[in-house]
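*Asks:* One structure follows; several queries about it will come next.
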Amino acid sequence: LPFPPWTGLHDQWQQMSNGSSITQFLLLAFADTQELQLLHFWHFLGISLAALLGNGFIITAVACNYHLHTPMYFLLLNLSLLDLGSISTIVPKSMVNS
């Protein structure tokens with residue numbers, strides 16, 4: 001029980017209940033017009049290219065500079081590789097669906 005009986009809040013807590021429930025979930029497409037679909041496509045393309053370029057710079061810098069072969073930069077290298085993997089799977093599908 002969240003409240004001990006002697007606080008007086010115990011009875012109030014038992015009377016409160018959550019009556020909300022979700023029975024449906026609706027996911028809509030981005031847009032039906034060709035212009036908005038192209039806008040979304042170019043937007044996703046720009047974001048993905050910027051992310052790929054930034055992660056590529058991090059990977060190149062850590063791999064080529066021996067001063068950056070420390071645990072912190074090793075972690076950043078691994079995070080950049082994970083980000084590249086997620087970008088290369090999620091963003092192209094979003095671009096096709098837009």
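Residues are named by chain letter and number: chains run A, B, ... in the order of the structure tokens, numbers start at 1 in each chain, and ligands are numbered from 1 in the order shown.
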List the neighbours of A:Asp83 out to 12 Å using only C-alpha atoms; skip same-chain residues closer than 3 positions along the sequence, and give me the result as a PyMOL selection string.
*Replies:* chain A and resi 48+51-56+58-59+76-80+86-91
*Asks:* Can you list, as a PyMOL selection string, every residue of stretch 27-90 of chain A that DSSP puts in alpha helix (DSSP H)?
*Replies:* chain A and resi 34-64+71-90
*Asks:* Which residues come within 12 Å of stretch 31-43 of chain A, counting only C-alpha atoms, excluding same-chain residues fewer than 2 positions away, as a CSV table (one decimal) with N, CA and C atoms, in the first residue's frame?
*Replies:*
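Wrote it out as part_32.csv, contents follow:
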chain,number,residue,atom,x,y,z
A,28,LEU,N,-0.7,7.9,-39.3
A,28,LEU,CA,-1.0,8.4,-40.6
A,28,LEU,C,0.3,8.6,-41.4
A,29,ALA,N,0.1,8.6,-42.7
A,29,ALA,CA,1.2,8.9,-43.6
A,29,ALA,C,1.6,10.4,-43.5
A,45,LEU,N,17.1,13.2,-46.3
A,45,LEU,CA,18.4,13.0,-47.0
A,45,LEU,C,19.5,13.9,-46.4
A,46,GLY,N,19.1,15.2,-46.2
A,46,GLY,CA,20.1,16.1,-45.6
A,46,GLY,C,20.5,15.8,-44.2
A,47,ILE,N,19.5,15.4,-43.4
A,47,ILE,CA,19.9,15.0,-42.0
A,47,ILE,C,20.7,13.8,-42.0
A,48,SER,N,20.4,12.8,-42.8
A,48,SER,CA,21.2,11.5,-42.8
A,48,SER,C,22.6,11.8,-43.4
A,49,LEU,N,22.8,12.6,-44.4
A,49,LEU,CA,24.1,12.9,-44.9
A,49,LEU,C,24.9,13.7,-43.9
A,50,ALA,N,24.3,14.6,-43.1
A,50,ALA,CA,25.0,15.3,-42.1
A,50,ALA,C,25.5,14.4,-41.0
A,91,VAL,N,16.7,5.6,-41.5
A,91,VAL,CA,16.4,6.7,-42.4
A,91,VAL,C,16.1,6.4,-43.8
A,92,PRO,N,16.7,5.4,-44.5
A,92,PRO,CA,16.3,5.0,-45.8
A,92,PRO,C,14.8,4.5,-45.9
A,93,LYS,N,14.4,3.8,-44.8
A,93,LYS,CA,13.0,3.4,-44.8
A,93,LYS,C,12.1,4.5,-44.7
A,94,SER,N,12.5,5.5,-43.9
A,94,SER,CA,11.7,6.7,-43.7
A,94,SER,C,11.6,7.5,-45.0
A,95,MET,N,12.7,7.5,-45.7
A,95,MET,CA,12.8,8.2,-47.0
A,95,MET,C,11.8,7.6,-48.0
A,96,VAL,N,11.8,6.2,-48.0
A,96,VAL,CA,11.0,5.5,-49.0
A,96,VAL,C,9.5,5.7,-48.6
A,97,ASN,N,9.2,5.7,-47.3
A,97,ASN,CA,7.8,5.9,-46.9
A,97,ASN,C,7.3,7.3,-47.0
A,98,SER,N,8.2,8.3,-47.1
A,98,SER,CA,7.7,9.7,-47.3
A,98,SER,C,7.5,9.9,-48.7
*Asks:* Quote the spacing between atom CA of A:Gly85 and atom CA of A:His69 in Å to one decimal place.
*Replies:*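 Separation of atom CA of A:Gly85 and atom CA of A:His69: 22.0 Å.
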